[in-house]
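A.B. asks: Please find one structure pasted underneath; my questions will follow.
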Amino acid sequence: MKKILVAILSIAMACGIGFAAMGCSEKGDIAKYTREEGSGTRDAFMELAGIETMSDEAAVSQGTDALMTAVAGNKKAIGYVSLGSVNSTVKKVKIENVEATAENIIAGTYKLSRPFNVAYKQATLDSNETLQELMEFIYSKEGQTIVSEDYVSETLETAPAYTVPETAPTASVKISGSTSVTPLMEKLVEAFCEASGVAASKIEINGNGSGAGMTDAASGTSDLGMASRAVKDSELAQGLTAKEIALDGIAIIVNTANPVENLTLANLKAIYTDEVKSWSDLGVQF
Amino acid sequence: MEQANSCGAAEAIQKKVRTDPKELIMKVVFVISAVVFIAAVLTICLFIFVRAYPAFREVGLFKFLFSSVWQPSQGKYGIGVMIVGSCYITAGALIIGVPIGFLTAVFMARYCPKPLYKVMKPMTNILAGIPSIVYGYFGLKVIVPFISENFGGYGNSILAASVVLGIMILPTIISVSENAIRAVPKSYFEGAVALGATKERAIFRTEVPAAKSGIMTSIILGLGRVIGETMAVVMICGNQVRFPTSVLDGVRTLTANVVLEMSYVESGSVHESALIATAAVLFVFILIITLLVALIRKKAK
């Protein structure tokens, strides 16, 4: 009895290893990483690259950091993250021979760019002085300067200077939404609290994804929702007012050991829809 | 005289039991604790199944369980892939964790020199206390790159998840199995040796079979931990929704499915209900495992 069991197990394992060898040759060597469904970055990337259905071979990473860590650890990996989040552990790739920089995004030559939006209910804004003050700060010179450090500000030149209120408002503000906008919002809020004298504990930021942020703002769970994509009509129909606070590029990232320098939008689409499965098909030799 | 005395003492004790108000208070406290506990369990069960019901109704139980298409944006909810994924990763973790854990337990119970034991015992306890997110990060930073470099593929794979979870269940398997082996009466070992068995034979042919139920319990407890593990798995298993063809492929587990998408759902939508239904399926899995433990315990008695 036991011997039979052992035999069955070893056969199963042998099959597994056999399959593994076969599987590799069929699947090519591009390890593509994507974000979870509902992520604003994913929605924006798919729209901009013209991908209708994401390949189900793409590994799903939960959040920007997990995705970057995964790409940094795999020589054959490719992934996409917000331009502002890219760090030196991974390598940015040019798209259509255009580098992902602020100038190119403003000029419109870098194709993978998207707006960062915030959305609120007018009634919430009217009744919450801290929120009004925060919005004023975001669109001020000071606020847009912070935006332009990592992201792209279209209104930096014309933005008015921030006027500090005589007494700091005391209402508390809850902000939720896109994990891509969260780092920017955290910086803005920190500077805002310093400039206006609002206690930092009054403002709470929760990164739970663009979709959830819009739902929260519409339902009143939070006062301000963040979205790293255009706000959908169905969301505006729930009584939300949307405003753009910044432009962001989506950077295509690969491992630092990957020699690839440039990809086209068509390449990206082919990679993420399984039409191209090997780096060698793109002329990339390791 | 003596008898009368002891009789008097017994009576006094009985009287004290009956009348002491402290006892009464404590009794109430115990009852309340038990009620709170039972209420918590029932509330969770009720919550899960009530919230999961809309998805079962909308999608159909059979289709929900066996369909392999999970596309919430298109209204397709099938967790077949996740059930298979959870089973694969659980099996993989047991293949890696059980032999190592069991043999370590035997070593610690019967072979380990005292000074080494004093180091190993706290080490297993530390391993048990490491938060799962730390295991996940370790997997993502060390195991995943190692696999993609040496075996090819994504690295985020059934293999990676199995290795990490196999390590995670070691403390459970080691400590429960060790206790079971230690609980075997010394006479089993002595008897076997007296009959001419070597130490190894005595341990593996008499003591281990005698401790079988404890060892099985340890394996099933480990299994329960693997199947319910979330944070470590979601970071390293790849999360693809399609049937894997090799151990180097990624797969999505039931737990990963819930945690990946829970923050994006609209409250009250079918999507949310489908995620809770995923949790309900997991709950039934765990229930079956718990029943298995109870069954093994009963049989052993």
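Note on naming: chains are A, B, ... as they come in the structure tokens, residues start from 1 per chain, ligands start from 1 in the order shown.
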So which residues touch Asn150 of chain B within 12 Å, counting only C-alpha atoms, skipping near sequence neighbours fewer than 5 positions away, as a list of chain:residue names?
C.D. replies: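 Returned residues: A:Asn74, A:Lys75, B:Ile143, B:Val144, B:Pro145, B:Gly155, B:Leu248.
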A.B. asks: Would you output that residue set with C-alpha atoms, as a short mmCIF file (atom, residue, chain, number, x, y, z; two decimals), in the first residue's frame?
C.D. replies:
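Below you can see out_6.cif, which holds the result:
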data_model
loop_
_atom_site.label_atom_id
_atom_site.label_comp_id
_atom_site.auth_asym_id
_atom_site.auth_seq_id
_atom_site.Cartn_x
_atom_site.Cartn_y
_atom_site.Cartn_z
CA ASN A 74 13.51 38.94 -12.55
CA LYS A 75 15.87 39.54 -15.48
CA ILE B 143 12.91 32.67 -3.48
CA VAL B 144 11.21 34.26 -6.51
CA PRO B 145 14.41 35.66 -8.11
CA GLY B 155 9.53 33.09 -10.44
CA LEU B 248 6.74 27.14 -12.49
#
A.B. asks: Pull the closest atom pair for each residue of segment 66-139 of chain A that gets at most 9 Å from segment 190-201 of chain A, along with the distance in Å to one decimal, counting only C-alpha atoms, ordering rows by chain and then ascending residue number, as CSV.
C.D. replies:
residue,atom,partner,partner_atom,distance
A:Thr130,CA,A:Val198,CA,7.8
A:Glu133,CA,A:Ser196,CA,8.2
A:Leu134,CA,A:Phe192,CA,6.7
A:Phe137,CA,A:Phe192,CA,6.5
A:Ile138,CA,A:Phe192,CA,8.1
A.B. asks: Produce a table with one row for each residue of chain B that has an atom at most 8 Å from any atom of chain A, each row naming the nearest atom pair and its distance in Å at one decimal; use only C-alpha atoms; arrange rows by chain and rising residue number; format as CSV.
C.D. replies:
residue,atom,partner,partner_atom,distance
B:Leu140,CA,A:Ala70,CA,6.8
B:Lys141,CA,A:Gly73,CA,6.8
B:Val144,CA,A:Gly73,CA,7.3
B:Pro145,CA,A:Gly73,CA,4.9
B:Ser148,CA,A:Asn74,CA,6.3
B:Glu149,CA,A:Asn74,CA,7.3
B:Gly152,CA,A:Cys24,CA,7.2
B:Gly153,CA,A:Asp29,CA,6.5
B:Tyr154,CA,A:Ala31,CA,5.3
B:Gly155,CA,A:Asn74,CA,7.4
B:Asn156,CA,A:Ala59,CA,7.4
B:Val234,CA,A:Gln62,CA,7.5
B:Met235,CA,A:Ser61,CA,6.9
B:Gly238,CA,A:Ala59,CA,4.5
B:Asn239,CA,A:Val60,CA,5.2
B:Gln240,CA,A:Ala59,CA,5.5
B:Val241,CA,A:Asp56,CA,6.1
B:Arg242,CA,A:Asp56,CA,6.4
B:Thr245,CA,A:Phe19,CA,6.5
B:Ser246,CA,A:Ala20,CA,4.5
B:Val247,CA,A:Ala20,CA,6.2
B:Leu248,CA,A:Ala20,CA,6.2
B:Gly250,CA,A:Ala59,CA,6.9
B:Leu260,CA,A:Gln62,CA,6.4
B:Glu261,CA,A:Glu37,CA,6.9
B:Ser263,CA,A:Asn208,CA,5.6
B:Tyr264,CA,A:Ala212,CA,4.9
B:Val265,CA,A:Ala212,CA,6.5
B:Glu266,CA,A:Thr215,CA,6.6
A.B. asks: Hey, what's within 7 Å of Ala180 of chain B if we count only C-alpha atoms and toss same-chain stuff fewer than 6 positions away? As a list in words, please?
C.D. replies: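 Neighbouring residues, sequence-local ones excluded: Ala211, Gly214 and Ile215 of chain B.
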A.B. asks: Selection from above, N, CA, C and O atoms, as a compact mmCIF listing (two decimals), in the first residue's frame, can you write it?
C.D. replies:
# COMPACT_ATOMS: atom_id res chain seq x y z
N ALA B 211 2.51 7.25 17.76
CA ALA B 211 2.22 8.70 17.79
C ALA B 211 1.50 9.15 16.53
O ALA B 211 1.39 10.33 16.25
N GLY B 214 -1.22 11.94 16.54
CA GLY B 214 -0.67 13.27 16.81
C GLY B 214 0.03 13.84 15.59
O GLY B 214 -0.12 15.02 15.27
N ILE B 215 0.76 12.97 14.89
CA ILE B 215 1.49 13.45 13.70
C ILE B 215 0.51 13.84 12.60
O ILE B 215 0.66 14.87 11.95
A.B. asks: What's around segment 110-114 of chain B at 9 Å? Count only C-alpha atoms, leave out sequence neighbours fewer than 3 positions away in its own chain, and write the answer as a list in words.
C.D. replies: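 Once the nearby chain positions are removed, what remains is Ala105, Val106, Phe107, Tyr117, Lys118, Val119, Ile181, Arg182 and Ile203 of chain B.
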A.B. asks: As a PyMOL selection string, list the residues of segment 104-172 of chain B assigned to helix (DSSP H, G or I) by DSSP on the backbone atoms of this structure.
C.D. replies: chain B and resi 104-111+114-129+132-150+158-168+170-172
A.B. asks: Residues at most 8 Å from segment 263-266 of chain A, counting only C-alpha atoms, excluding those fewer than 4 positions away in the same chain, as a list of chain:residue names?
C.D. replies: A:Ala49, A:Val93, A:Lys94, A:Ile95, A:Glu96, A:Asn97, A:Ala270
A.B. asks: Need to verify the contact set: Phe204 of chain B, 12 Å, only C-alpha atoms, exclusion of same-chain residues closer than 2 positions in sequence. Can you return it as a ChimeraX atom specification?
C.D. replies: /B:102-103,106-107,110,181,188-189,192,197-202,206-212
A.B. asks: Save out the residues we just selected, N, CA, C and O atoms, as a PDB file, in the first residue's frame.
C.D. replies:
ATOM      1  N   PHE B 102       8.483  16.584   9.990  1.00  0.00           N
ATOM      2  CA  PHE B 102       8.356  15.314  10.704  1.00  0.00           C
ATOM      3  C   PHE B 102       9.725  14.807  11.155  1.00  0.00           C
ATOM      4  O   PHE B 102       9.920  14.434  12.312  1.00  0.00           O
ATOM      5  N   LEU B 103      10.681  14.836  10.244  1.00  0.00           N
ATOM      6  CA  LEU B 103      12.013  14.324  10.602  1.00  0.00           C
ATOM      7  C   LEU B 103      12.674  15.204  11.660  1.00  0.00           C
ATOM      8  O   LEU B 103      13.359  14.704  12.556  1.00  0.00           O
ATOM      9  N   VAL B 106      11.222  14.181  14.953  1.00  0.00           N
ATOM     10  CA  VAL B 106      11.833  12.952  15.466  1.00  0.00           C
ATOM     11  C   VAL B 106      13.204  13.257  16.049  1.00  0.00           C
ATOM     12  O   VAL B 106      13.548  12.828  17.152  1.00  0.00           O
ATOM     13  N   PHE B 107      13.964  14.057  15.317  1.00  0.00           N
ATOM     14  CA  PHE B 107      15.286  14.439  15.786  1.00  0.00           C
ATOM     15  C   PHE B 107      15.214  15.124  17.146  1.00  0.00           C
ATOM     16  O   PHE B 107      15.942  14.789  18.080  1.00  0.00           O
ATOM     17  N   ARG B 110      14.015  12.613  19.974  1.00  0.00           N
ATOM     18  CA  ARG B 110      14.766  11.410  20.343  1.00  0.00           C
ATOM     19  C   ARG B 110      16.278  11.480  20.113  1.00  0.00           C
ATOM     20  O   ARG B 110      17.026  10.702  20.677  1.00  0.00           O
ATOM     21  N   ILE B 181       5.293  12.449  19.814  1.00  0.00           N
ATOM     22  CA  ILE B 181       6.313  11.404  19.947  1.00  0.00           C
ATOM     23  C   ILE B 181       6.772  11.284  21.401  1.00  0.00           C
ATOM     24  O   ILE B 181       6.943  10.201  21.930  1.00  0.00           O
ATOM     25  N   TYR B 188       7.530   1.456  25.211  1.00  0.00           N
ATOM     26  CA  TYR B 188       7.490   1.048  23.805  1.00  0.00           C
ATOM     27  C   TYR B 188       8.916   0.935  23.280  1.00  0.00           C
ATOM     28  O   TYR B 188       9.300  -0.039  22.660  1.00  0.00           O
ATOM     29  N   PHE B 189       9.664   1.991  23.550  1.00  0.00           N
ATOM     30  CA  PHE B 189      11.044   2.061  23.068  1.00  0.00           C
ATOM     31  C   PHE B 189      11.885   0.969  23.731  1.00  0.00           C
ATOM     32  O   PHE B 189      12.592   0.201  23.068  1.00  0.00           O
ATOM     33  N   ALA B 192      11.054  -2.515  22.485  1.00  0.00           N
ATOM     34  CA  ALA B 192      11.575  -2.765  21.142  1.00  0.00           C
ATOM     35  C   ALA B 192      13.073  -3.027  21.199  1.00  0.00           C
ATOM     36  O   ALA B 192      13.572  -3.970  20.570  1.00  0.00           O
ATOM     37  N   ALA B 197      15.796  -4.654  18.606  1.00  0.00           N
ATOM     38  CA  ALA B 197      15.695  -3.638  17.559  1.00  0.00           C
ATOM     39  C   ALA B 197      16.792  -2.589  17.738  1.00  0.00           C
ATOM     40  O   ALA B 197      17.238  -2.345  18.855  1.00  0.00           O
ATOM     41  N   THR B 198      17.243  -2.024  16.636  1.00  0.00           N
ATOM     42  CA  THR B 198      18.169  -0.906  16.743  1.00  0.00           C
ATOM     43  C   THR B 198      17.378   0.323  17.175  1.00  0.00           C
ATOM     44  O   THR B 198      16.144   0.309  17.184  1.00  0.00           O
ATOM     45  N   LYS B 199      18.089   1.395  17.505  1.00  0.00           N
ATOM     46  CA  LYS B 199      17.407   2.616  17.942  1.00  0.00           C
ATOM     47  C   LYS B 199      16.461   3.127  16.846  1.00  0.00           C
ATOM     48  O   LYS B 199      15.327   3.498  17.107  1.00  0.00           O
ATOM     49  N   GLU B 200      16.953   3.153  15.613  1.00  0.00           N
ATOM     50  CA  GLU B 200      16.150   3.650  14.503  1.00  0.00           C
ATOM     51  C   GLU B 200      14.871   2.831  14.331  1.00  0.00           C
ATOM     52  O   GLU B 200      13.791   3.359  14.177  1.00  0.00           O
ATOM     53  N   ARG B 201      15.065   1.491  14.378  1.00  0.00           N
ATOM     54  CA  ARG B 201      13.896   0.615  14.223  1.00  0.00           C
ATOM     55  C   ARG B 201      12.900   0.858  15.338  1.00  0.00           C
ATOM     56  O   ARG B 201      11.697   0.937  15.112  1.00  0.00           O
ATOM     57  N   ALA B 202      13.427   0.990  16.566  1.00  0.00           N
ATOM     58  CA  ALA B 202      12.548   1.190  17.714  1.00  0.00           C
ATOM     59  C   ALA B 202      11.741   2.475  17.552  1.00  0.00           C
ATOM     60  O   ALA B 202      10.546   2.522  17.810  1.00  0.00           O
ATOM     61  N   THR B 206       8.045   1.511  16.223  1.00  0.00           N
ATOM     62  CA  THR B 206       7.134   1.405  17.368  1.00  0.00           C
ATOM     63  C   THR B 206       6.657   2.765  17.862  1.00  0.00           C
ATOM     64  O   THR B 206       5.467   2.974  18.025  1.00  0.00           O
ATOM     65  N   GLU B 207       7.583   3.704  18.041  1.00  0.00           N
ATOM     66  CA  GLU B 207       7.153   4.984  18.620  1.00  0.00           C
ATOM     67  C   GLU B 207       6.348   5.821  17.640  1.00  0.00           C
ATOM     68  O   GLU B 207       5.313   6.373  17.975  1.00  0.00           O
ATOM     69  N   VAL B 208       6.846   5.926  16.398  1.00  0.00           N
ATOM     70  CA  VAL B 208       6.153   6.767  15.418  1.00  0.00           C
ATOM     71  C   VAL B 208       4.749   6.241  15.119  1.00  0.00           C
ATOM     72  O   VAL B 208       3.791   7.016  15.134  1.00  0.00           O
ATOM     73  N   PRO B 209       4.588   4.905  14.875  1.00  0.00           N
ATOM     74  CA  PRO B 209       3.216   4.433  14.674  1.00  0.00           C
ATOM     75  C   PRO B 209       2.331   4.728  15.881  1.00  0.00           C
ATOM     76  O   PRO B 209       1.156   5.046  15.727  1.00  0.00           O
ATOM     77  N   ALA B 210       2.904   4.643  17.097  1.00  0.00           N
ATOM     78  CA  ALA B 210       2.097   4.915  18.287  1.00  0.00           C
ATOM     79  C   ALA B 210       1.692   6.391  18.343  1.00  0.00           C
ATOM     80  O   ALA B 210       0.648   6.734  18.896  1.00  0.00           O
ATOM     81  N   ALA B 211       2.514   7.248  17.758  1.00  0.00           N
ATOM     82  CA  ALA B 211       2.222   8.695  17.791  1.00  0.00           C
ATOM     83  C   ALA B 211       1.497   9.147  16.525  1.00  0.00           C
ATOM     84  O   ALA B 211       1.391  10.331  16.247  1.00  0.00           O
ATOM     85  N   LYS B 212       1.014   8.165  15.756  1.00  0.00           N
ATOM     86  CA  LYS B 212       0.469   8.468  14.427  1.00  0.00           C
ATOM     87  C   LYS B 212      -0.610   9.557  14.455  1.00  0.00           C
ATOM     88  O   LYS B 212      -0.591  10.483  13.656  1.00  0.00           O
TER      89      LYS B 212
END
A.B. asks: I'd like the neighbourhood of Ser234 of chain A as a PDB file with N, CA, C and O atoms, in the first residue's frame, where a residue qualifies if any of its atoms comes within 12 Å (using only C-alpha atoms), though same-chain residues fewer than 2 positions away should be ignored.
C.D. replies:
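Once written, around_10.pdb looks like this:
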ATOM      1  N   GLY A 211     -11.040  53.003  -8.163  1.00  0.00           N
ATOM      2  CA  GLY A 211     -12.467  52.671  -8.161  1.00  0.00           C
ATOM      3  C   GLY A 211     -13.068  52.879  -6.781  1.00  0.00           C
ATOM      4  O   GLY A 211     -14.111  53.520  -6.618  1.00  0.00           O
ATOM      5  N   MET A 214     -13.425  56.609  -5.782  1.00  0.00           N
ATOM      6  CA  MET A 214     -14.591  57.289  -6.336  1.00  0.00           C
ATOM      7  C   MET A 214     -15.865  56.861  -5.598  1.00  0.00           C
ATOM      8  O   MET A 214     -16.714  57.670  -5.270  1.00  0.00           O
ATOM      9  N   THR A 215     -15.962  55.544  -5.322  1.00  0.00           N
ATOM     10  CA  THR A 215     -17.131  55.039  -4.595  1.00  0.00           C
ATOM     11  C   THR A 215     -17.208  55.681  -3.211  1.00  0.00           C
ATOM     12  O   THR A 215     -18.273  56.105  -2.777  1.00  0.00           O
ATOM     13  N   ALA A 218     -18.336  59.281  -3.423  1.00  0.00           N
ATOM     14  CA  ALA A 218     -19.752  59.394  -3.765  1.00  0.00           C
ATOM     15  C   ALA A 218     -20.634  59.011  -2.587  1.00  0.00           C
ATOM     16  O   ALA A 218     -21.690  59.605  -2.363  1.00  0.00           O
ATOM     17  N   ALA A 230      -9.005  58.987 -15.897  1.00  0.00           N
ATOM     18  CA  ALA A 230     -10.120  59.897 -16.079  1.00  0.00           C
ATOM     19  C   ALA A 230     -11.296  59.385 -15.254  1.00  0.00           C
ATOM     20  O   ALA A 230     -11.482  58.179 -15.115  1.00  0.00           O
ATOM     21  N   VAL A 231     -12.057  60.310 -14.675  1.00  0.00           N
ATOM     22  CA  VAL A 231     -13.216  59.891 -13.891  1.00  0.00           C
ATOM     23  C   VAL A 231     -14.327  59.492 -14.853  1.00  0.00           C
ATOM     24  O   VAL A 231     -14.643  60.215 -15.800  1.00  0.00           O
ATOM     25  N   LYS A 232     -14.887  58.318 -14.620  1.00  0.00           N
ATOM     26  CA  LYS A 232     -15.884  57.782 -15.559  1.00  0.00           C
ATOM     27  C   LYS A 232     -17.208  58.535 -15.452  1.00  0.00           C
ATOM     28  O   LYS A 232     -17.535  59.086 -14.400  1.00  0.00           O
ATOM     29  N   LEU A 236     -19.317  60.267 -12.328  1.00  0.00           N
ATOM     30  CA  LEU A 236     -19.769  61.659 -12.274  1.00  0.00           C
ATOM     31  C   LEU A 236     -21.278  61.704 -12.044  1.00  0.00           C
ATOM     32  O   LEU A 236     -21.796  62.603 -11.389  1.00  0.00           O
ATOM     33  N   ALA A 237     -21.968  60.700 -12.581  1.00  0.00           N
ATOM     34  CA  ALA A 237     -23.427  60.661 -12.438  1.00  0.00           C
ATOM     35  C   ALA A 237     -23.855  60.484 -10.985  1.00  0.00           C
ATOM     36  O   ALA A 237     -24.979  60.767 -10.622  1.00  0.00           O
ATOM     37  N   GLN A 238     -22.910  60.018 -10.142  1.00  0.00           N
ATOM     38  CA  GLN A 238     -23.250  59.852  -8.725  1.00  0.00           C
ATOM     39  C   GLN A 238     -23.085  61.153  -7.948  1.00  0.00           C
ATOM     40  O   GLN A 238     -23.072  61.152  -6.711  1.00  0.00           O
ATOM     41  N   GLY A 239     -22.926  62.259  -8.658  1.00  0.00           N
ATOM     42  CA  GLY A 239     -22.870  63.554  -7.988  1.00  0.00           C
ATOM     43  C   GLY A 239     -21.466  64.022  -7.671  1.00  0.00           C
ATOM     44  O   GLY A 239     -21.272  64.878  -6.816  1.00  0.00           O
ATOM     45  N   LEU A 240     -20.468  63.469  -8.335  1.00  0.00           N
ATOM     46  CA  LEU A 240     -19.094  63.870  -8.061  1.00  0.00           C
ATOM     47  C   LEU A 240     -18.645  64.998  -8.993  1.00  0.00           C
ATOM     48  O   LEU A 240     -19.058  65.068 -10.147  1.00  0.00           O
TER      49      LEU A 240
END
A.B. asks: At what distance in Å, to one decimal, does atom CA of Glu186 of chain A lie from atom CA of Ala242 of chain A?
C.D. replies: 19.1 Å
A.B. asks: Would you mind telling me which residue in A:Ala102, A:Val118, A:Ala171, A:Ala251 lies nearest to Ser153 of chain A when using only C-alpha atoms?
C.D. replies: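 Under the stated criterion, the closest residue is A:Ala102.
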A.B. asks: Compare B:Ala160, B:Ala52, B:Leu165, B:Ala256 by their minimum atom-to-atom distance to Ser132 of chain B, counting only C-alpha atoms, and give me the closest one.
C.D. replies: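 Smallest separation from Ser132 of chain B among the options: B:Leu165.
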A.B. asks: Give the strand (DSSP E or B) residues of segment 26-250 of chain A, as DSSP finds them on the backbone, and put them as a PyMOL selection string.
C.D. replies: chain A and resi 31-35+59-61+77-82+90-95+98+113-121+152+173-177+203-207+224-227+240-250
